[in-house]
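Q: Supplied structure: coords.pdb, PDB, C-alpha atoms.
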ATOM      1  CA  LYS U   1      49.450   4.006  19.774
ATOM      2  CA  GLU U   2      51.693   7.092  19.934
ATOM      3  CA  GLU U   3      53.391   5.763  23.077
ATOM      4  CA  LYS U   4      54.148   2.435  21.359
ATOM      5  CA  LYS U   5      55.657   4.266  18.369
ATOM      6  CA  GLU U   6      57.853   6.375  20.665
ATOM      7  CA  LYS U   7      59.016   3.237  22.478
ATOM      8  CA  GLU U   8      59.895   1.528  19.165
ATOM      9  CA  GLU U   9      61.798   4.604  17.988
ATOM     10  CA  LYS U  10      63.753   4.716  21.259
ATOM     11  CA  GLU U  11      64.622   1.004  20.974
ATOM     12  CA  TYR U  12      65.754   1.559  17.373
ATOM     13  CA  GLU U  13      67.916   4.487  18.447
ATOM     14  CA  ASN U  14      69.365   2.540  21.402
ATOM     15  CA  GLU U  15      70.294  -0.381  19.124
ATOM     16  CA  HIS U  16      72.237   1.934  16.834
ATOM     17  CA  TRP U  17      74.043   3.605  19.716
ATOM     18  CA  ARG U  18      74.873   0.151  21.115
ATOM     19  CA  TYR U  19      76.377  -0.817  17.767
ATOM     20  CA  TYR U  20      78.352   2.402  17.582
ATOM     21  CA  ASN U  21      79.703   1.989  21.115
ATOM     22  CA  GLU U  22      80.224  -1.768  21.312
ATOM     23  CA  VAL U  23      81.075  -2.893  17.772
ATOM     24  CA  LEU U  24      82.608   0.254  16.316
ATOM     25  CA  LYS U  25      84.019   1.169  19.767
ATOM     26  CA  SER U  26      83.085   4.873  19.643
ATOM     27  CA  PRO U  27      85.877   5.825  17.241
ATOM     28  CA  LYS U  28      87.479   9.232  17.461
ATOM     29  CA  TYR U  29      89.903   8.711  14.547
ATOM     30  CA  TRP U  30      88.459   7.218  11.359
ATOM     31  CA  LEU U  31      90.534   6.506   8.251
ATOM     32  CA  ALA U  32      88.609   7.615   5.175
ATOM     33  CA  PRO U  33      88.570   5.500   2.009
ATOM     34  CA  MET U  34      91.293   6.406  -0.465
ATOM     35  CA  VAL U  35      91.585   4.639  -3.816
ATOM     36  CA  GLY U  36      95.082   3.211  -4.167
ATOM     37  CA  ALA U  37      96.026   3.983  -0.577
ATOM     38  CA  SER U  38      93.781   2.478   2.082
ATOM     39  CA  GLU U  39      94.659  -1.168   1.495
ATOM     40  CA  LEU U  40      95.474  -3.454   4.444
ATOM     41  CA  ALA U  41      99.149  -2.462   4.957
ATOM     42  CA  PHE U  42      98.300   1.240   5.025
ATOM     43  CA  ARG U  43      95.310   0.664   7.328
ATOM     44  CA  MET U  44      97.494  -1.302   9.756
ATOM     45  CA  MET U  45     100.118   1.454   9.769
ATOM     46  CA  CYS U  46      97.413   4.026  10.484
ATOM     47  CA  ARG U  47      96.031   1.855  13.282
ATOM     48  CA  SER U  48      99.510   1.715  14.849
ATOM     49  CA  LEU U  49      99.403   5.539  14.907
ATOM     50  CA  GLY U  50      96.020   5.721  16.621
ATOM     51  CA  THR U  51      93.378   5.238  13.956
ATOM     52  CA  GLU U  52      90.479   3.394  15.558
ATOM     53  CA  ILE U  53      88.340   2.474  12.558
ATOM     54  CA  CYS U  54      89.181   2.140   8.859
ATOM     55  CA  THR U  55      87.376   2.067   5.556
ATOM     56  CA  THR U  56      88.670   0.136   2.557
ATOM     57  CA  PRO U  57      89.276   1.868  -0.746
ATOM     58  CA  MET U  58      86.280   2.022  -3.061
ATOM     59  CA  ILE U  59      85.703  -1.493  -4.400
ATOM     60  CA  SER U  60      83.593  -2.217  -7.470
ATOM     61  CA  ALA U  61      80.719  -4.450  -6.342
ATOM     62  CA  PRO U  62      80.250  -6.044  -9.805
ATOM     63  CA  GLY U  63      84.001  -6.577 -10.174
ATOM     64  CA  TYR U  64      84.246  -8.112  -6.709
ATOM     65  CA  VAL U  65      81.387 -10.506  -7.424
ATOM     66  CA  SER U  66      82.500 -11.586 -10.878
ATOM     67  CA  SER U  67      86.297 -11.763 -10.674
ATOM     68  CA  GLU U  68      88.437 -13.802  -8.305
ATOM     69  CA  LYS U  69      91.497 -11.951  -9.607
ATOM     70  CA  TYR U  70      89.874  -8.632  -8.682
ATOM     71  CA  ARG U  71      88.935  -9.938  -5.210
ATOM     72  CA  GLU U  72      92.574 -10.915  -4.584
ATOM     73  CA  GLN U  73      93.507  -7.215  -4.663
ATOM     74  CA  PHE U  74      91.616  -6.649  -1.413
ATOM     75  CA  TYR U  75      93.066  -8.666   1.433
ATOM     76  CA  PHE U  76      91.302  -8.880   4.792
ATOM     77  CA  ASP U  77      93.194  -9.712   7.991
ATOM     78  CA  PRO U  78      92.161 -13.238   9.076
ATOM     79  CA  GLU U  79      93.189 -12.477  12.681
ATOM     80  CA  ASP U  80      90.754  -9.557  12.917
ATOM     81  CA  LYS U  81      93.471  -7.033  13.809
ATOM     82  CA  ASP U  82      92.002  -4.747  11.160
ATOM     83  CA  ARG U  83      88.710  -4.216  12.992
ATOM     84  CA  PRO U  84      86.460  -2.371  13.182
ATOM     85  CA  LEU U  85      86.481  -2.189   9.401
ATOM     86  CA  ILE U  86      84.032  -0.735   6.893
ATOM     87  CA  VAL U  87      84.098  -2.100   3.330
ATOM     88  CA  GLN U  88      83.103   0.486   0.737
ATOM     89  CA  PHE U  89      81.453  -0.694  -2.469
ATOM     90  CA  CYS U  90      80.386   1.195  -5.557
ATOM     91  CA  GLY U  91      78.049   0.042  -8.284
ATOM     92  CA  ASN U  92      74.502   0.441  -9.508
ATOM     93  CA  ASN U  93      72.987  -3.039  -9.312
ATOM     94  CA  VAL U  94      71.056  -4.482  -6.366
ATOM     95  CA  LYS U  95      72.231  -8.059  -6.906
ATOM     96  CA  ASP U  96      75.901  -7.045  -7.125
ATOM     97  CA  PHE U  97      75.745  -5.111  -3.848
ATOM     98  CA  VAL U  98      74.059  -7.980  -2.019
ATOM     99  CA  GLU U  99      76.419 -10.647  -3.404
ATOM    100  CA  ALA U 100      79.528  -8.521  -2.755
ATOM    101  CA  GLY U 101      78.294  -7.870   0.778
ATOM    102  CA  LYS U 102      77.804 -11.573   1.404
ATOM    103  CA  LEU U 103      81.402 -12.217   0.336
ATOM    104  CA  VAL U 104      82.858  -9.751   2.864
ATOM    105  CA  GLN U 105      80.376  -9.598   5.731
ATOM    106  CA  ASP U 106      82.406 -11.988   7.901
ATOM    107  CA  TYR U 107      85.529  -9.807   7.527
ATOM    108  CA  CYS U 108      84.083  -6.380   8.300
ATOM    109  CA  ASP U 109      81.658  -4.542  10.541
ATOM    110  CA  ALA U 110      79.564  -2.677   7.949
ATOM    111  CA  ILE U 111      79.175  -2.106   4.226
ATOM    112  CA  GLU U 112      79.353   1.455   2.947
ATOM    113  CA  ILE U 113      77.726   2.485  -0.306
ATOM    114  CA  ASN U 114      79.811   5.101  -2.075
ATOM    115  CA  LEU U 115      77.568   8.001  -3.040
ATOM    116  CA  GLY U 116      80.363  10.520  -3.111
ATOM    117  CA  CYS U 117      82.766   9.716  -5.944
ATOM    118  CA  PRO U 118      82.585  12.481  -8.572
ATOM    119  CA  GLN U 119      85.145  10.957 -10.964
ATOM    120  CA  SER U 120      84.371  10.463 -14.656
ATOM    121  CA  CYS U 121      84.452   6.660 -14.193
ATOM    122  CA  ALA U 122      81.614   7.052 -11.669
ATOM    123  CA  ARG U 123      79.657   9.205 -14.106
ATOM    124  CA  LYS U 124      80.062   6.604 -16.868
ATOM    125  CA  GLY U 125      79.176   3.733 -14.546
ATOM    126  CA  LYS U 126      76.320   5.650 -12.888
ATOM    127  CA  TYR U 127      77.630   5.023  -9.389
ATOM    128  CA  GLY U 128      79.179   7.170  -6.655
ATOM    129  CA  ALA U 129      77.752  10.699  -6.626
ATOM    130  CA  PHE U 130      75.734   9.863  -9.748
ATOM    131  CA  LEU U 131      73.797   7.097  -7.957
ATOM    132  CA  MET U 132      72.311   9.808  -5.717
ATOM    133  CA  LYS U 133      70.205  10.893  -8.684
ATOM    134  CA  GLN U 134      68.662   7.416  -8.926
ATOM    135  CA  THR U 135      66.797   7.490  -5.629
ATOM    136  CA  ASN U 136      64.521   4.522  -6.322
ATOM    137  CA  LEU U 137      67.470   2.297  -7.245
ATOM    138  CA  LEU U 138      69.405   3.496  -4.214
ATOM    139  CA  LYS U 139      66.495   2.683  -1.927
ATOM    140  CA  GLU U 140      66.222  -0.791  -3.515
ATOM    141  CA  ILE U 141      69.944  -1.408  -2.937
ATOM    142  CA  ILE U 142      69.747  -0.334   0.698
ATOM    143  CA  ALA U 143      66.559  -2.323   1.340
ATOM    144  CA  ALA U 144      67.971  -5.505  -0.237
ATOM    145  CA  CYS U 145      71.291  -5.223   1.593
ATOM    146  CA  THR U 146      69.529  -4.542   4.890
ATOM    147  CA  LYS U 147      67.360  -7.628   4.379
ATOM    148  CA  GLU U 148      70.056 -10.000   3.087
ATOM    149  CA  LEU U 149      73.170  -9.040   5.063
ATOM    150  CA  LYS U 150      73.918  -9.502   8.745
ATOM    151  CA  ILE U 151      75.840  -6.231   9.112
ATOM    152  CA  PRO U 152      74.704  -2.606   8.818
ATOM    153  CA  ILE U 153      74.705  -0.551   5.627
ATOM    154  CA  PHE U 154      76.218   2.952   5.612
ATOM    155  CA  ALA U 155      76.085   5.543   2.860
ATOM    156  CA  LYS U 156      78.898   8.021   2.211
ATOM    157  CA  THR U 157      77.229  10.887   0.449
ATOM    158  CA  HIS U 158      77.549  14.424  -0.764
ATOM    159  CA  ILE U 159      75.148  17.011   0.539
ATOM    160  CA  PHE U 160      72.680  18.446  -1.957
ATOM    161  CA  PRO U 161      72.523  22.255  -2.275
ATOM    162  CA  LYS U 162      69.196  22.084  -0.419
ATOM    163  CA  TRP U 163      69.658  20.351   2.946
ATOM    164  CA  GLU U 164      66.066  19.061   2.799
ATOM    165  CA  ASP U 165      66.867  17.105  -0.389
ATOM    166  CA  THR U 166      69.736  15.331   1.385
ATOM    167  CA  LEU U 167      67.574  14.551   4.390
ATOM    168  CA  ASN U 168      64.767  13.218   2.171
ATOM    169  CA  LEU U 169      67.212  10.946   0.335
ATOM    170  CA  MET U 170      68.451   9.471   3.607
ATOM    171  CA  LEU U 171      64.978   8.887   5.044
TER     172      LEU U 171
END
Starting from the coordinates I provided, produce the structure as structure tokens.
A:
Amino acid sequence: KEEKKEKEEKEYENEHWRYYNEVLKSPKYWLAPMVGASELAFRMMCRSLGTEICTTPMISAPGYVSSEKYREQFYFDPEDKDRPLIVQFCGNNVKDFVEAGKLVQDYCDAIEINLGCPQSCARKGKYGAFLMKQTNLLKEIIAACTKELKIPIFAKTHIFPKWEDTLNLML
């Protein structure tokens, strides 16, 4: 039984390393998400200077799902020159994350949940760093996205004062 579990864990680990190496292409230079800056034109300029993987600015999952006008603000390269690409969403609703992910999954290589934004808008909306306090909801979002989407789910997070708390959140 123990041997089977070890084999499954090794296969799981190998699959993730394969994804990192083959899809994400083992990036050395990664453009972080920046609200108002990391739109397509900026990402393409950074790629021309050596950036190997980019993340979109923080995009509101509920806004992206409910508003075509809002979606038009975030253009994805139809020729796939802007790949590998991570799309970062914020929000606090399972359905919004899944639906937003379905809308972009053909134009990116992973979805990233923003658990780092400390801004007052994130506090009011209970997303970003404030979603970290809602562990059950966060786990539901990750589980639903993992089940419903065909690309991986990442989480950009802050580290809790106690390292064990951060590790427990991620497991």
Q: May I ask which of the residues U:Tyr107, U:Tyr127, U:Phe154, U:Phe97 is the closest one to Glu140 of chain U, counting all atoms listed in the file?
A: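 Using all atoms listed in the file, the shortest distance to Glu140 of chain U belongs to U:Phe97.
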Q: Starting from the PyMOL selection byres ((chain U and resi 118-124) around 12), expand the selection into actual residues of this file and give them as an MDAnalysis selection string.
A: chainID U and resid 35 58:60 90:92 114:117 125:133 157:158
Q: For the point (97.9, -3.1, 4.8) in the file's frame, write as a short mmCIF file (atom, residue, chain, number, x, y, z; two decimals) with C-alpha atoms, keeping the file's coordinate frame all residues with an atom no more than 9 Å away, counting only C-alpha atoms.
A:
data_model
loop_
_atom_site.label_atom_id
_atom_site.label_comp_id
_atom_site.auth_asym_id
_atom_site.auth_seq_id
_atom_site.Cartn_x
_atom_site.Cartn_y
_atom_site.Cartn_z
CA SER U 38 93.78 2.48 2.08
CA GLU U 39 94.66 -1.17 1.50
CA LEU U 40 95.47 -3.45 4.44
CA ALA U 41 99.15 -2.46 4.96
CA PHE U 42 98.30 1.24 5.03
CA ARG U 43 95.31 0.66 7.33
CA MET U 44 97.49 -1.30 9.76
CA MET U 45 100.12 1.45 9.77
CA TYR U 75 93.07 -8.67 1.43
CA PHE U 76 91.30 -8.88 4.79
CA ASP U 77 93.19 -9.71 7.99
CA ASP U 82 92.00 -4.75 11.16
#
Q: Pick from U:Lys162, U:Lys25, U:Lys95, U:Lys1: nearest to Glu148 of chain U, with all atoms listed in the file counted?
A: U:Lys95
Q: Around all listed atoms of segment 81-99 of chain U, padded 8 Å per side, what centre and edge lengths does the axis-aligned box have in Å to one decimal, as AutoDock Vina command-line options?
A:
--center_x 82.3 --center_y -4.7 --center_z 2.2 --size_x 38.4 --size_y 27.8 --size_z 39.3
Q: Looking at U:Glu2, U:Glu99, U:Leu85, U:Leu171, which one is nearest to Ser66 of chain U, with distances taken over all atoms listed in the file?
A: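 Smallest separation from Ser66 of chain U among the options: U:Glu99.
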Q: For the provided coordinates, the residues matched by the PyMOL selection byres ((chain U and resi 65) around 10) should be stated as a list in words.
A: Ser60, Ala61, Pro62, Gly63, Tyr64, Ser66, Ser67, Glu68, Tyr70, Arg71, Lys95, Asp96, Phe97, Val98, Glu99, Ala100, Gly101, Lys102 and Leu103 of chain U
Q: Check what the PyMOL selection byres ((chain U and resi 24) around 10) selects in the file above and give those residues as a list in words.
A: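 Checking the PyMOL selection byres ((chain U and resi 24) around 10) against this file, the residues are Trp17, Arg18, Tyr19, Tyr20, Asn21, Glu22, Val23, Lys25, Ser26, Pro27, Glu52, Ile53, Arg83, Pro84, Leu85, Ile86, Asp109 and Ala110 of chain U.
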Q: What separation in Å, quoted to one decimal, exists between atom CA of Gly50 of chain U and atom CA of Leu31 of chain U?
A: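 So the two atoms, atom CA of Gly50 of chain U and atom CA of Leu31 of chain U, lie 10.0 Å apart.
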Q: Rounded to one decimal place, report the atom CA of Cys145 of chain U-atom CA of Arg47 of chain U distance in Å.
A: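 One can read the atom CA of Cys145 of chain U to atom CA of Arg47 of chain U distance as 28.3 Å.
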Q: When you count only C-alpha atoms, which of these residues is closest to Ile111 of chain U: U:Met170, U:Val87, U:Leu137, U:Ala155?
A: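 Checking each of U:Met170, U:Val87, U:Leu137, U:Ala155 against Ile111 of chain U, counting only C-alpha atoms, the winner is U:Val87.
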Q: Which residues are close to Pro33 of chain U, i.e. within 6 Å by all atoms listed in the file, leaving aside same-chain residues fewer than 4 positions away? Reply as a ChimeraX atom specification.
A: /U:55-57
Q: Let's have the selection written as a PDB file, in the coordinates of the input, with C-alpha atoms.
A:
ATOM      1  CA  THR U  55      87.376   2.067   5.556  1.00  0.00           C
ATOM      2  CA  THR U  56      88.670   0.136   2.557  1.00  0.00           C
ATOM      3  CA  PRO U  57      89.276   1.868  -0.746  1.00  0.00           C
TER       4      PRO U  57
END
Q: Filtering to N, CA and C atoms, could segment 72-97 of chain U of the supplied structure be written out as a short mmCIF file (atom, residue, chain, number, x, y, z; two decimals), in the first residue's frame?
A:
data_model
loop_
_atom_site.label_atom_id
_atom_site.label_comp_id
_atom_site.auth_asym_id
_atom_site.auth_seq_id
_atom_site.Cartn_x
_atom_site.Cartn_y
_atom_site.Cartn_z
N GLU U 72 -13.38 43.43 -22.84
CA GLU U 72 -12.67 44.06 -23.96
C GLU U 72 -11.40 44.78 -23.52
N GLN U 73 -11.28 45.07 -22.24
CA GLN U 73 -10.07 45.72 -21.72
C GLN U 73 -8.86 44.79 -21.71
N PHE U 74 -9.11 43.50 -21.79
CA PHE U 74 -8.04 42.51 -21.65
C PHE U 74 -7.94 41.70 -22.94
N TYR U 75 -7.02 42.11 -23.78
CA TYR U 75 -6.87 41.50 -25.09
C TYR U 75 -5.83 40.39 -25.02
N PHE U 76 -6.15 39.26 -25.64
CA PHE U 76 -5.22 38.13 -25.71
C PHE U 76 -4.78 37.94 -27.15
N ASP U 77 -3.48 37.70 -27.34
CA ASP U 77 -2.90 37.55 -28.67
C ASP U 77 -3.43 36.29 -29.35
N PRO U 78 -4.16 36.44 -30.47
CA PRO U 78 -4.72 35.26 -31.15
C PRO U 78 -3.65 34.40 -31.82
N GLU U 79 -2.46 34.93 -32.00
CA GLU U 79 -1.38 34.16 -32.65
C GLU U 79 -0.49 33.45 -31.63
N ASP U 80 -0.86 33.51 -30.38
CA ASP U 80 -0.14 32.84 -29.30
C ASP U 80 1.31 33.30 -29.13
N LYS U 81 1.62 34.53 -29.51
CA LYS U 81 2.97 35.05 -29.29
C LYS U 81 3.16 35.44 -27.83
N ASP U 82 2.07 35.60 -27.13
CA ASP U 82 2.10 35.99 -25.72
C ASP U 82 1.91 34.76 -24.84
N ARG U 83 2.73 33.75 -25.09
CA ARG U 83 2.66 32.50 -24.32
C ARG U 83 4.07 32.09 -23.93
N PRO U 84 4.25 31.44 -22.83
CA PRO U 84 3.24 31.09 -21.84
C PRO U 84 2.71 32.32 -21.11
N LEU U 85 1.43 32.23 -20.76
CA LEU U 85 0.72 33.33 -20.14
C LEU U 85 -0.14 32.81 -18.99
N ILE U 86 -0.08 33.54 -17.87
CA ILE U 86 -0.90 33.23 -16.71
C ILE U 86 -1.92 34.36 -16.58
N VAL U 87 -3.20 34.01 -16.46
CA VAL U 87 -4.25 35.01 -16.25
C VAL U 87 -4.59 35.04 -14.77
N GLN U 88 -4.48 36.23 -14.18
CA GLN U 88 -4.73 36.37 -12.74
C GLN U 88 -6.13 36.94 -12.50
N PHE U 89 -6.93 36.20 -11.75
CA PHE U 89 -8.26 36.65 -11.38
C PHE U 89 -8.33 36.92 -9.88
N CYS U 90 -9.23 37.84 -9.53
CA CYS U 90 -9.57 38.07 -8.13
C CYS U 90 -11.08 37.94 -8.01
N GLY U 91 -11.54 37.68 -6.83
CA GLY U 91 -12.96 37.54 -6.58
C GLY U 91 -13.17 36.69 -5.35
N ASN U 92 -14.42 36.40 -5.05
CA ASN U 92 -14.71 35.59 -3.86
C ASN U 92 -15.91 34.68 -4.08
N ASN U 93 -16.12 34.26 -5.34
CA ASN U 93 -17.28 33.45 -5.67
C ASN U 93 -16.83 32.29 -6.57
N VAL U 94 -17.16 31.09 -6.19
CA VAL U 94 -16.75 29.89 -6.92
C VAL U 94 -17.20 29.96 -8.38
N LYS U 95 -18.48 30.25 -8.58
CA LYS U 95 -19.03 30.25 -9.95
C LYS U 95 -18.32 31.27 -10.83
N ASP U 96 -18.05 32.46 -10.30
CA ASP U 96 -17.36 33.48 -11.09
C ASP U 96 -15.97 33.02 -11.52
N PHE U 97 -15.22 32.41 -10.61
CA PHE U 97 -13.88 31.93 -10.96
C PHE U 97 -13.95 30.88 -12.06
#
